[in-house]
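Below is the file upload_29.csv, which contains CSV, C-alpha atoms and all ligand atoms.
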chain,number,residue,atom,x,y,z
W,1,MET,CA,107.0,74.4,81.9
W,2,ASP,CA,106.6,78.1,81.3
W,3,PHE,CA,103.7,80.4,80.6
W,4,GLU,CA,104.9,81.9,77.3
W,5,GLY,CA,101.9,82.2,74.9
W,6,LYS,CA,99.6,80.4,77.4
W,7,ASN,CA,96.1,81.7,78.2
W,8,VAL,CA,96.2,82.4,81.9
W,9,LEU,CA,93.2,83.8,83.8
W,10,VAL,CA,93.4,85.6,87.2
W,11,THR,CA,90.1,85.9,89.1
W,12,GLY,CA,90.4,89.0,91.3
W,13,GLY,CA,93.2,90.3,89.0
W,14,ALA,CA,92.2,93.9,89.5
W,15,GLY,CA,92.9,93.6,93.3
W,16,PHE,CA,96.0,94.2,95.4
W,17,ILE,CA,97.7,90.8,95.0
W,18,GLY,CA,95.9,89.9,91.7
W,19,SER,CA,97.3,93.0,89.9
W,20,ALA,CA,100.8,92.2,91.1
W,21,LEU,CA,100.3,88.6,89.8
W,22,VAL,CA,99.2,90.0,86.4
W,23,ARG,CA,102.4,92.1,86.2
W,24,GLU,CA,104.5,89.0,87.0
W,25,LEU,CA,102.6,86.9,84.4
W,26,LEU,CA,103.2,89.5,81.7
W,27,LYS,CA,107.0,89.2,82.4
W,28,GLU,CA,106.5,85.5,81.6
W,29,ASN,CA,104.9,86.4,78.3
W,30,ALA,CA,101.6,84.8,79.2
W,31,ASN,CA,98.3,85.9,77.5
W,32,VAL,CA,96.7,87.3,80.6
W,33,TYR,CA,92.9,87.5,81.3
W,34,VAL,CA,91.5,89.2,84.3
W,35,LEU,CA,88.1,88.3,85.7
W,36,ASP,CA,86.9,90.7,88.3
W,37,ASN,CA,83.6,92.4,89.4
W,38,PHE,CA,85.5,95.4,90.8
W,39,LEU,CA,84.1,95.0,94.3
W,40,SER,CA,87.4,96.1,95.8
W,41,GLY,CA,89.7,96.0,92.8
W,42,SER,CA,89.9,98.6,90.1
W,43,ARG,CA,91.0,99.3,86.5
W,44,GLU,CA,93.4,101.8,88.0
W,45,ASN,CA,95.4,99.0,89.6
W,46,LEU,CA,96.1,97.6,86.0
W,47,LYS,CA,96.6,101.1,84.5
W,48,GLU,CA,99.9,100.7,82.7
W,49,CYS,CA,99.4,97.0,81.7
W,50,GLU,CA,95.8,97.3,80.5
W,51,LYS,CA,96.8,97.2,76.8
W,52,GLY,CA,98.5,93.8,77.1
W,53,ILE,CA,95.6,92.0,78.9
W,54,THR,CA,92.0,91.1,78.5
W,55,ILE,CA,89.6,92.3,81.2
W,56,ILE,CA,86.4,90.4,81.7
W,57,GLU,CA,83.9,92.1,84.1
W,58,ALA,CA,82.1,89.1,85.7
W,59,ASP,CA,81.3,87.6,89.1
W,60,VAL,CA,82.9,84.3,90.2
W,61,ARG,CA,79.4,83.2,91.1
W,62,ASP,CA,78.2,83.6,87.5
W,63,LYS,CA,76.8,80.3,86.2
W,64,ALA,CA,78.2,81.0,82.8
W,65,LEU,CA,81.8,80.9,84.0
W,66,ALA,CA,82.7,77.7,82.2
W,67,ASP,CA,81.6,79.3,78.9
W,68,ILE,CA,83.8,82.3,79.6
W,69,PHE,CA,86.8,79.9,80.2
W,70,SER,CA,86.0,77.8,77.1
W,71,LYS,CA,85.4,80.8,74.8
W,72,ASN,CA,88.9,82.2,75.7
W,73,ASP,CA,90.7,78.8,75.7
W,74,ILE,CA,91.8,79.3,79.3
W,75,GLU,CA,94.5,76.8,80.3
W,76,PHE,CA,95.5,78.0,83.8
W,77,VAL,CA,93.4,79.8,86.4
W,78,PHE,CA,94.7,81.6,89.5
W,79,HIS,CA,91.7,82.0,91.8
W,80,LEU,CA,92.1,85.1,94.0
W,81,ALA,CA,88.7,86.7,93.9
W,82,ALA,CA,87.4,87.0,97.4
W,83,MET,CA,86.2,89.3,100.2
W,84,PRO,CA,89.4,89.3,102.3
W,85,TYR,CA,89.2,92.2,104.7
W,86,ILE,CA,88.6,90.6,108.2
W,87,PRO,CA,86.9,93.6,109.9
W,88,GLU,CA,84.3,93.6,107.2
W,89,CYS,CA,83.3,90.0,107.9
W,90,TYR,CA,81.9,90.9,111.3
W,91,THR,CA,79.0,92.7,109.6
W,92,LYS,CA,78.8,90.7,106.4
W,93,PRO,CA,79.4,87.0,107.2
W,94,ALA,CA,76.9,85.7,104.6
W,95,GLU,CA,78.5,87.7,101.8
W,96,PHE,CA,81.9,86.3,102.8
W,97,PHE,CA,80.6,82.8,102.6
W,98,GLU,CA,78.8,83.4,99.3
W,99,ILE,CA,81.8,84.8,97.5
W,100,ASN,CA,84.7,83.0,99.2
W,101,ALA,CA,83.2,79.5,99.6
W,102,VAL,CA,80.3,79.2,97.1
W,103,GLY,CA,82.2,81.3,94.5
W,104,THR,CA,85.2,79.0,94.8
W,105,LEU,CA,83.0,75.9,94.2
W,106,ASN,CA,81.6,77.6,91.1
W,107,VAL,CA,85.2,78.4,89.8
W,108,MET,CA,86.4,74.9,90.4
W,109,LEU,CA,83.4,73.2,88.7
W,110,ALA,CA,83.8,75.7,85.8
W,111,CYS,CA,87.5,74.7,85.5
W,112,LYS,CA,86.5,71.1,85.2
W,113,LYS,CA,83.7,71.7,82.7
W,114,ALA,CA,86.0,73.9,80.5
W,115,GLY,CA,88.9,71.5,80.7
W,116,VAL,CA,91.3,74.0,82.4
W,117,ARG,CA,94.7,72.4,82.7
W,118,ARG,CA,95.4,73.6,86.3
W,119,VAL,CA,93.9,75.9,88.8
W,120,LEU,CA,95.4,77.5,91.9
W,121,GLN,CA,93.3,78.2,95.0
W,122,TYR,CA,94.7,81.3,96.7
W,123,SER,CA,94.2,80.6,100.4
W,124,THR,CA,95.5,82.2,103.5
W,125,SER,CA,97.5,81.5,106.7
W,126,GLU,CA,94.4,82.7,108.6
W,127,VAL,CA,93.0,79.2,108.3
W,128,TYR,CA,95.5,78.1,110.9
W,129,GLY,CA,94.4,80.6,113.6
W,130,THR,CA,97.1,81.6,116.1
W,131,ALA,CA,100.3,79.6,116.1
W,132,LYS,CA,100.5,76.5,118.3
W,133,TYR,CA,104.2,76.1,117.2
W,134,LEU,CA,106.6,78.2,115.1
W,135,PRO,CA,107.3,78.3,112.3
W,136,MET,CA,103.9,77.0,111.0
W,137,ASP,CA,104.0,74.2,108.3
W,138,GLU,CA,101.1,72.7,106.4
W,139,SER,CA,100.4,70.2,109.1
W,140,HIS,CA,99.6,72.9,111.6
W,141,PRO,CA,96.1,72.5,113.1
W,142,ILE,CA,93.3,74.4,111.4
W,143,ASN,CA,91.5,76.7,113.8
W,144,PRO,CA,90.0,79.7,111.9
W,145,HIS,CA,89.2,82.7,114.2
W,146,SER,CA,86.9,84.8,111.8
W,147,THR,CA,84.1,84.2,109.3
W,148,TYR,CA,86.6,85.2,106.7
W,149,ALA,CA,89.1,82.5,107.8
W,150,THR,CA,86.2,79.9,108.1
W,151,SER,CA,85.0,80.7,104.5
W,152,LYS,CA,88.6,80.1,103.3
W,153,VAL,CA,88.8,76.8,105.2
W,154,ALA,CA,85.6,75.8,103.5
W,155,ALA,CA,87.0,76.7,100.1
W,156,ASP,CA,90.3,74.9,100.8
W,157,ARG,CA,88.6,71.8,101.9
W,158,LEU,CA,86.2,72.0,99.0
W,159,CYS,CA,89.2,72.1,96.6
W,160,PHE,CA,90.9,69.2,98.3
W,161,THR,CA,87.7,67.1,98.0
W,162,LEU,CA,87.0,68.2,94.4
W,163,TYR,CA,90.6,67.1,93.4
W,164,HIS,CA,89.8,63.6,94.7
W,165,GLU,CA,86.1,63.3,93.9
W,166,GLN,CA,85.9,65.3,90.6
W,167,GLN,CA,89.5,65.2,89.4
W,168,VAL,CA,89.7,69.0,89.4
W,169,PRO,CA,93.5,69.7,89.0
W,170,VAL,CA,93.8,72.2,91.8
W,171,ILE,CA,96.7,73.3,94.0
W,172,ILE,CA,96.1,75.1,97.3
W,173,LEU,CA,98.5,77.9,98.3
W,174,ARG,CA,98.2,79.3,101.8
W,175,GLN,CA,99.8,82.8,101.7
W,176,PHE,CA,100.8,84.5,104.9
W,177,ASN,CA,100.4,88.3,105.2
W,178,THR,CA,101.3,90.4,102.2
W,179,TYR,CA,102.0,94.1,101.7
W,180,GLY,CA,103.1,96.5,98.9
W,181,PRO,CA,101.8,99.0,96.4
W,182,ARG,CA,98.1,99.1,95.5
W,183,GLU,CA,96.7,97.9,98.8
W,184,THR,CA,92.9,97.8,98.6
W,185,HIS,CA,92.0,97.7,102.3
W,186,PRO,CA,93.2,99.5,105.5
W,187,TYR,CA,95.4,96.7,106.7
W,188,ILE,CA,98.0,97.5,109.3
W,189,ILE,CA,101.0,98.4,107.0
W,190,PRO,CA,99.1,100.9,104.8
W,191,GLU,CA,97.4,102.2,107.8
W,192,ILE,CA,100.7,102.9,109.6
W,193,ILE,CA,102.1,104.5,106.5
W,194,SER,CA,99.1,106.7,106.0
W,195,GLN,CA,98.9,107.9,109.7
W,196,LEU,CA,102.6,108.6,109.8
W,197,SER,CA,102.4,110.7,106.6
W,198,ARG,CA,100.1,113.0,108.6
W,199,GLY,CA,101.8,113.1,112.0
W,200,SER,CA,103.9,111.3,114.5
W,201,THR,CA,101.1,109.8,116.6
W,202,LEU,CA,99.8,106.4,115.6
W,203,HIS,CA,96.3,105.1,116.7
W,204,LEU,CA,96.4,101.3,116.6
W,205,GLY,CA,94.8,98.2,118.0
W,206,ASN,CA,96.6,95.1,119.1
W,207,ILE,CA,100.3,96.2,118.8
W,208,ASN,CA,101.6,92.9,120.3
W,209,ALA,CA,100.2,90.7,117.5
W,210,LYS,CA,102.9,89.2,115.3
W,211,ARG,CA,102.7,88.6,111.6
W,212,ASP,CA,104.8,87.2,108.8
W,213,PHE,CA,104.9,89.7,105.9
W,214,THR,CA,105.9,89.0,102.2
W,215,TYR,CA,106.3,91.7,99.6
W,216,VAL,CA,103.5,91.4,97.1
W,217,CYS,CA,105.8,90.7,94.0
W,218,ASP,CA,107.4,87.8,95.9
W,219,ALA,CA,104.0,86.5,96.9
W,220,ALA,CA,102.9,86.6,93.2
W,221,ARG,CA,106.1,84.8,92.1
W,222,ALA,CA,105.4,82.0,94.6
W,223,ALA,CA,102.0,81.3,93.0
W,224,ILE,CA,103.5,81.4,89.5
W,225,GLU,CA,106.3,79.0,90.4
W,226,LEU,CA,103.9,76.6,92.1
W,227,MET,CA,101.5,76.6,89.1
W,228,LYS,CA,104.3,75.3,86.9
W,229,HIS,CA,104.4,72.0,88.8
W,230,LYS,CA,101.8,69.3,87.9
W,231,GLU,CA,102.9,67.2,90.9
W,232,ALA,CA,101.6,70.0,93.2
W,233,GLU,CA,98.0,69.2,92.3
W,234,GLY,CA,95.9,68.0,95.2
W,235,GLN,CA,98.5,69.4,97.7
W,236,VAL,CA,98.6,72.3,100.1
W,237,PHE,CA,101.7,74.7,100.2
W,238,ASN,CA,102.5,77.6,102.5
W,239,SER,CA,104.1,80.7,101.2
W,240,GLY,CA,105.5,83.5,103.5
W,241,TYR,CA,108.7,85.2,104.6
W,242,GLY,CA,109.6,82.9,107.4
W,243,LYS,CA,109.9,85.6,110.1
W,244,CYS,CA,107.4,87.5,112.1
W,245,TRP,CA,107.4,91.1,113.5
W,246,SER,CA,105.1,92.6,116.1
W,247,ILE,CA,102.9,95.5,115.0
W,248,LYS,CA,104.9,97.7,117.4
W,249,GLU,CA,108.2,96.7,115.8
W,250,ILE,CA,106.6,97.3,112.3
W,251,ALA,CA,105.5,100.8,113.4
W,252,GLU,CA,109.0,101.5,114.6
W,253,ILE,CA,110.7,100.3,111.3
W,254,ILE,CA,108.2,102.3,109.2
W,255,ALA,CA,108.7,105.4,111.4
W,256,GLU,CA,112.5,105.1,110.9
W,257,ILE,CA,112.1,104.8,107.1
W,258,MET,CA,109.7,107.8,107.0
W,259,GLY,CA,112.0,109.9,109.2
W,260,VAL,CA,109.5,110.2,112.1
W,261,HIS,CA,111.7,110.6,115.2
W,262,ASP,CA,109.1,111.3,117.9
W,263,LEU,CA,106.8,108.3,117.3
W,264,LYS,CA,103.9,107.9,119.8
W,265,ILE,CA,101.6,104.9,119.8
W,266,VAL,CA,98.1,105.2,121.2
W,267,VAL,CA,96.2,101.9,121.6
W,268,GLU,CA,92.5,102.3,121.0
W,269,LYS,CA,90.1,99.7,122.4
W,270,GLN,CA,87.7,100.0,119.5
W,271,ARG,CA,90.4,98.9,117.1
W,272,LEU,CA,90.9,95.6,118.8
W,273,ARG,CA,89.5,92.6,116.9
W,274,PRO,CA,87.3,90.0,118.6
W,275,LEU,CA,89.3,86.7,118.8
W,276,ASP,CA,92.3,88.2,117.1
W,277,VAL,CA,95.1,85.9,115.8
W,278,GLN,CA,98.1,86.5,118.0
W,279,VAL,CA,101.1,85.0,116.0
W,280,LEU,CA,101.6,83.8,112.5
W,281,GLU,CA,105.0,82.7,111.0
W,282,ALA,CA,105.5,80.6,107.9
W,283,ASN,CA,107.4,77.5,107.3
W,284,TYR,CA,107.5,77.5,103.4
W,285,PHE,CA,110.1,74.7,103.1
W,286,LYS,CA,107.7,72.4,101.2
W,287,LEU,CA,107.2,75.2,98.5
W,288,PHE,CA,111.0,75.8,98.4
W,289,ARG,CA,111.8,72.1,98.0
W,290,LEU,CA,109.5,71.7,95.0
W,291,THR,CA,110.0,75.1,93.3
W,292,GLY,CA,113.2,76.7,94.7
W,293,TRP,CA,111.1,79.8,95.5
W,294,LYS,CA,112.1,82.0,98.4
W,295,PRO,CA,111.4,85.6,99.1
W,296,LYS,CA,113.9,88.0,97.4
W,297,VAL,CA,112.8,91.4,98.8
W,298,SER,CA,113.8,92.0,102.5
W,299,PHE,CA,111.2,93.5,104.8
W,300,GLU,CA,112.9,96.9,105.0
W,301,GLU,CA,113.4,97.0,101.2
W,302,GLY,CA,109.7,96.1,100.6
W,303,LEU,CA,108.5,98.7,103.1
W,304,GLN,CA,110.8,101.3,101.4
W,305,LYS,CA,109.2,100.5,98.0
W,306,THR,CA,105.7,100.6,99.4
W,307,ILE,CA,106.3,104.0,101.0
W,308,GLU,CA,107.8,105.3,97.7
W,309,TRP,CA,104.8,104.1,95.8
W,310,PHE,CA,102.5,105.8,98.4
W,311,ASN,CA,104.4,109.1,98.1
W,312,GLU,CA,104.3,109.0,94.3
W,313,ASN,CA,100.6,108.2,94.2
W,314,GLY,CA,99.1,111.2,96.0
W,315,LYS,CA,99.8,110.0,99.6
W,316,ARG,CA,96.4,108.4,99.7
W,317,TRP,CA,95.3,104.7,99.5
W,318,PRO,CA,92.2,104.0,97.4
W,319,TRP,CA,89.8,104.0,100.5
W,320,GLU,CA,91.1,107.4,101.5
W,321,LYS,CA,90.3,109.1,98.2
W,401,LIG,N1,96.2,90.6,101.4
W,401,LIG,C1,96.8,89.6,102.1
W,401,LIG,O1,97.6,89.8,103.0
W,401,LIG,C2,96.3,88.1,101.8
W,401,LIG,C3,97.0,87.1,102.5
W,401,LIG,C4,96.7,85.8,102.2
W,401,LIG,C5,95.7,85.5,101.3
W,401,LIG,N2,95.0,86.5,100.7
W,401,LIG,C6,94.0,86.2,99.6
W,401,LIG,O2,94.4,86.8,98.4
W,401,LIG,C7,93.3,87.0,97.6
W,401,LIG,C8,93.4,88.5,97.1
W,401,LIG,O3,93.3,89.3,98.2
W,401,LIG,P1,93.8,90.9,98.1
W,401,LIG,O4,94.5,91.1,99.4
W,401,LIG,O5,94.5,91.1,96.8
W,401,LIG,O6,92.4,91.6,98.2
W,401,LIG,P2,91.6,92.4,97.1
W,401,LIG,O7,90.3,92.8,97.8
W,401,LIG,O8,92.4,93.5,96.6
W,401,LIG,O9,91.3,91.4,95.9
W,401,LIG,C9,90.1,90.7,95.7
W,401,LIG,C10,89.7,90.9,94.3
W,401,LIG,O10,88.6,90.1,94.0
W,401,LIG,C11,87.6,90.8,93.4
W,401,LIG,N3,86.3,90.2,93.7
W,401,LIG,C12,85.6,90.2,94.9
W,401,LIG,N4,84.5,89.5,94.8
W,401,LIG,C13,84.4,89.1,93.5
W,401,LIG,C14,83.4,88.4,92.8
W,401,LIG,N5,82.3,87.9,93.4
W,401,LIG,N6,83.6,88.1,91.5
W,401,LIG,C15,84.7,88.5,90.9
W,401,LIG,N7,85.7,89.3,91.5
W,401,LIG,C16,85.5,89.5,92.8
W,401,LIG,C17,87.7,92.2,93.9
W,401,LIG,O11,87.2,93.2,93.1
W,401,LIG,C18,89.3,92.3,94.0
W,401,LIG,O12,89.8,92.8,92.8
W,401,LIG,C19,92.1,86.7,98.4
W,401,LIG,O13,91.7,85.4,98.0
W,401,LIG,C20,92.6,86.7,99.8
W,401,LIG,O14,91.9,85.8,100.6
W,401,LIG,C21,95.3,87.8,100.9
Give the structure from this file in structure tokens form.
Amino acid sequence: MDFEGKNVLVTGGAGFIGSALVRELLKENANVYVLDNFLSGSRENLKECEKGITIIEADVRDKALADIFSKNDIEFVFHLAAMPYIPECYTKPAEFFEINAVGTLNVMLACKKAGVRRVLQYSTSEVYGTAKYLPMDESHPINPHSTYATSKVAADRLCFTLYHEQQVPVIILRQFNTYGPRETHPYIIPEIISQLSRGSTLHLGNINAKRDFTYVCDAARAAIELMKHKEAEGQVFNSGYGKCWSIKEIAEIIAEIMGVHDLKIVVEKQRLRPLDVQVLEANYFKLFRLTGWKPKVSFEEGLQKTIEWFNENGKRWPWEK
């Protein structure tokens, strides 16, 4: 199956991963629709592809979602819209649940009502909590550490149940950490790049935490390849790079690429997260076995591309403008 000429909708398509997914879908010659309320995403993220796509400004909690899908003959839905930035959930737990869990329920029921052929729930490795064994496969225990992760567990489980109970044709993809151009929140990689563009001293939190990082275009391709497989419906798949780096190691690699030779790292207590996840590393073999997908962009290459993008775009991330 391919997406040529098919009507494909991306919720959260104006965001960081969503806008990369839109670009990859355009390469597949899909008719791309973006549904976004621009909470953290922006039209700017879709700048050079805006002419080839249809942008619908709407909220995933909108009760008229099924009508939007029907009116546009939507065949496939990638559901990415969410509040994803963990530090924000400490002050807005109810909003995280409203959008990430209740919003997902609304999207899934709208897909059913509108007769959407297949929908992909974009989940996260955060549902697992810190690793009990490495690398982490889909059978790893679920132990969310934040309200964000808990809201995504609720959404995941809801999708699994709706597949069995309501025959919603949904696939669940648990993506490990992602990085690249057009980041929308001060995650660790954009934060390090930004700080090192201004000087050689980094102010960071937990530098011993380890994460598995996938370049955003590879992450987008994983979702596209998985969506092509009907047999994936009702199942959970991991996507990631398959290797983890500590924040300290990442800082050193970025410093090297940016030509910072006198790197100093200051650990600040106020940057430490309550109940932080210590280690995440993906086992994506199930996804590879079904689709043949594996990451193409090495970590160093991806960081290089991200830094280039940052330099070419005013050396400021959106939240710094
Ligand atoms: N960034 C990562 O490393 C990562 C890793 C794993 C999973 N995820 C998941 O990927 C998805 C996208 O995250 P991202 O990192 O691109 O963040 P993002 O904030 O850039 O993207 C979220 C998008 O959803 C939109 N949105 C938010 N609330 C909405 C609502 N009520 N209705 C319609 N649109 C709404 C935002 O405007 C934004 O465009 C999320 O579901 C997140 O949980 C992200």
Work out how far CA of Val10 (chain W) is from CA of Lys113 (chain W), in Å to one decimal.
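Separation of CA of Lys113 (chain W) and CA of Val10 (chain W): 17.5 Å.
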Figure out the distance between atom N4 of ligand LIG 401 (chain W) and CA of Leu39 (chain W), please, to one decimal in Å.
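Between these atoms lies a distance of 5.5 Å.
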How would you write, as a ChimeraX atom specification, the set of residues no farther than 8 Å from ligand LIG 401 (chain W) when counting only C-alpha atoms and all ligand atoms?
/W:11-19,35-42,57-61,79-85,99-100,103,121-126,152,174-179,183-185,213
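The shell of residues at most 12 Å from Lys112 (chain W), with all atoms listed in the file counted and near chain neighbours (fewer than 5 positions) removed, consists of Leu65, Ala66, Asp67, Phe69, Ser70, Ile74, Glu75, Phe76, Val77, Leu105, Asn106, Val107, Arg117, Arg118, Val119, Cys159, Leu162, Tyr163, Glu165, Gln166, Gln167, Val168, Pro169 and Val170 of chain W.
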If you measure from CA of Lys269 (chain W) to CA of Glu300 (chain W), what distance in Å do you get, rounded to one decimal?
28.8 Å
For a quick check of understanding, using all atoms listed in the file, which of W:Glu301, W:Glu50, W:Asp212, W:Glu24 has the smallest distance to Phe3 (chain W)?
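For Phe3 (chain W), the nearest of the candidates is W:Glu24.
In this comparison, which uses all atoms listed in the file, the residue of W:Pro186, W:Pro318, W:Gly199, W:Gly205 approaching Leu272 (chain W) most closely is W:Gly205.
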What's around Met258 (chain W) at 9 Å? Count all atoms listed in the file, leave out sequence neighbours fewer than 4 positions away in its own chain, and write the answer as a PyMOL selection string.
chain W and resi 193+196-197+253-254+304+307
Rank W:Met136, W:Val116, W:Val127, W:Ala223 by their smallest atom-to-atom distance to Asn72 (chain W), using all atoms listed in the file, and report the top residue only.
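Once distances to Asn72 (chain W) are computed over all atoms listed in the file, the minimum belongs to W:Val116.
In terms of minimum interatomic distance to Gln270 (chain W), W:Leu204 ranks closest within W:Ala219, W:Ala251, W:Leu204, W:Leu303, counting only C-alpha atoms.
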Given all atoms listed in the file as the counted atoms, nearest of W:Ala94, W:Ile188, W:Ala114, W:Val32 to Thr150 (chain W)
W:Ala94
Nearby residues (all atoms listed in the file) at most 12 Å from Glu252 (chain W), same-chain spacing under 4 positions excluded, as a CSV table (one decimal) with C-alpha atoms, in the coordinates of the input:
chain,number,residue,atom,x,y,z
W,189,ILE,CA,101.0,98.4,107.0
W,192,ILE,CA,100.7,102.9,109.6
W,193,ILE,CA,102.1,104.5,106.5
W,196,LEU,CA,102.6,108.6,109.8
W,200,SER,CA,103.9,111.3,114.5
W,201,THR,CA,101.1,109.8,116.6
W,202,LEU,CA,99.8,106.4,115.6
W,207,ILE,CA,100.3,96.2,118.8
W,245,TRP,CA,107.4,91.1,113.5
W,246,SER,CA,105.1,92.6,116.1
W,247,ILE,CA,102.9,95.5,115.0
W,248,LYS,CA,104.9,97.7,117.4
W,256,GLU,CA,112.5,105.1,110.9
W,257,ILE,CA,112.1,104.8,107.1
W,258,MET,CA,109.7,107.8,107.0
W,259,GLY,CA,112.0,109.9,109.2
W,260,VAL,CA,109.5,110.2,112.1
W,261,HIS,CA,111.7,110.6,115.2
W,262,ASP,CA,109.1,111.3,117.9
W,263,LEU,CA,106.8,108.3,117.3
W,264,LYS,CA,103.9,107.9,119.8
W,265,ILE,CA,101.6,104.9,119.8
W,300,GLU,CA,112.9,96.9,105.0
W,303,LEU,CA,108.5,98.7,103.1
Find the spatial neighbours of Thr91 (chain W), counting all atoms listed in the file, within a cut-off of 12 Å - ignore same-chain residues fewer than 6 positions away - and output them as a ChimeraX atom specification.
/W:85,146-148
Could you name the residues that touch region 273-284 of chain W at 6 Å or less, counting all atoms listed in the file, but leaving out those on the same chain fewer than 4 positions away, as a list in words?
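After dropping sequence-adjacent residues, the list is Gly129, Thr130, Ala131, Pro135, Met136, Asp137, Ala209, Lys210, Arg211, Asp212, Asn238, Ser239, Gly240, Gly242, Lys243 and Cys244 of chain W.
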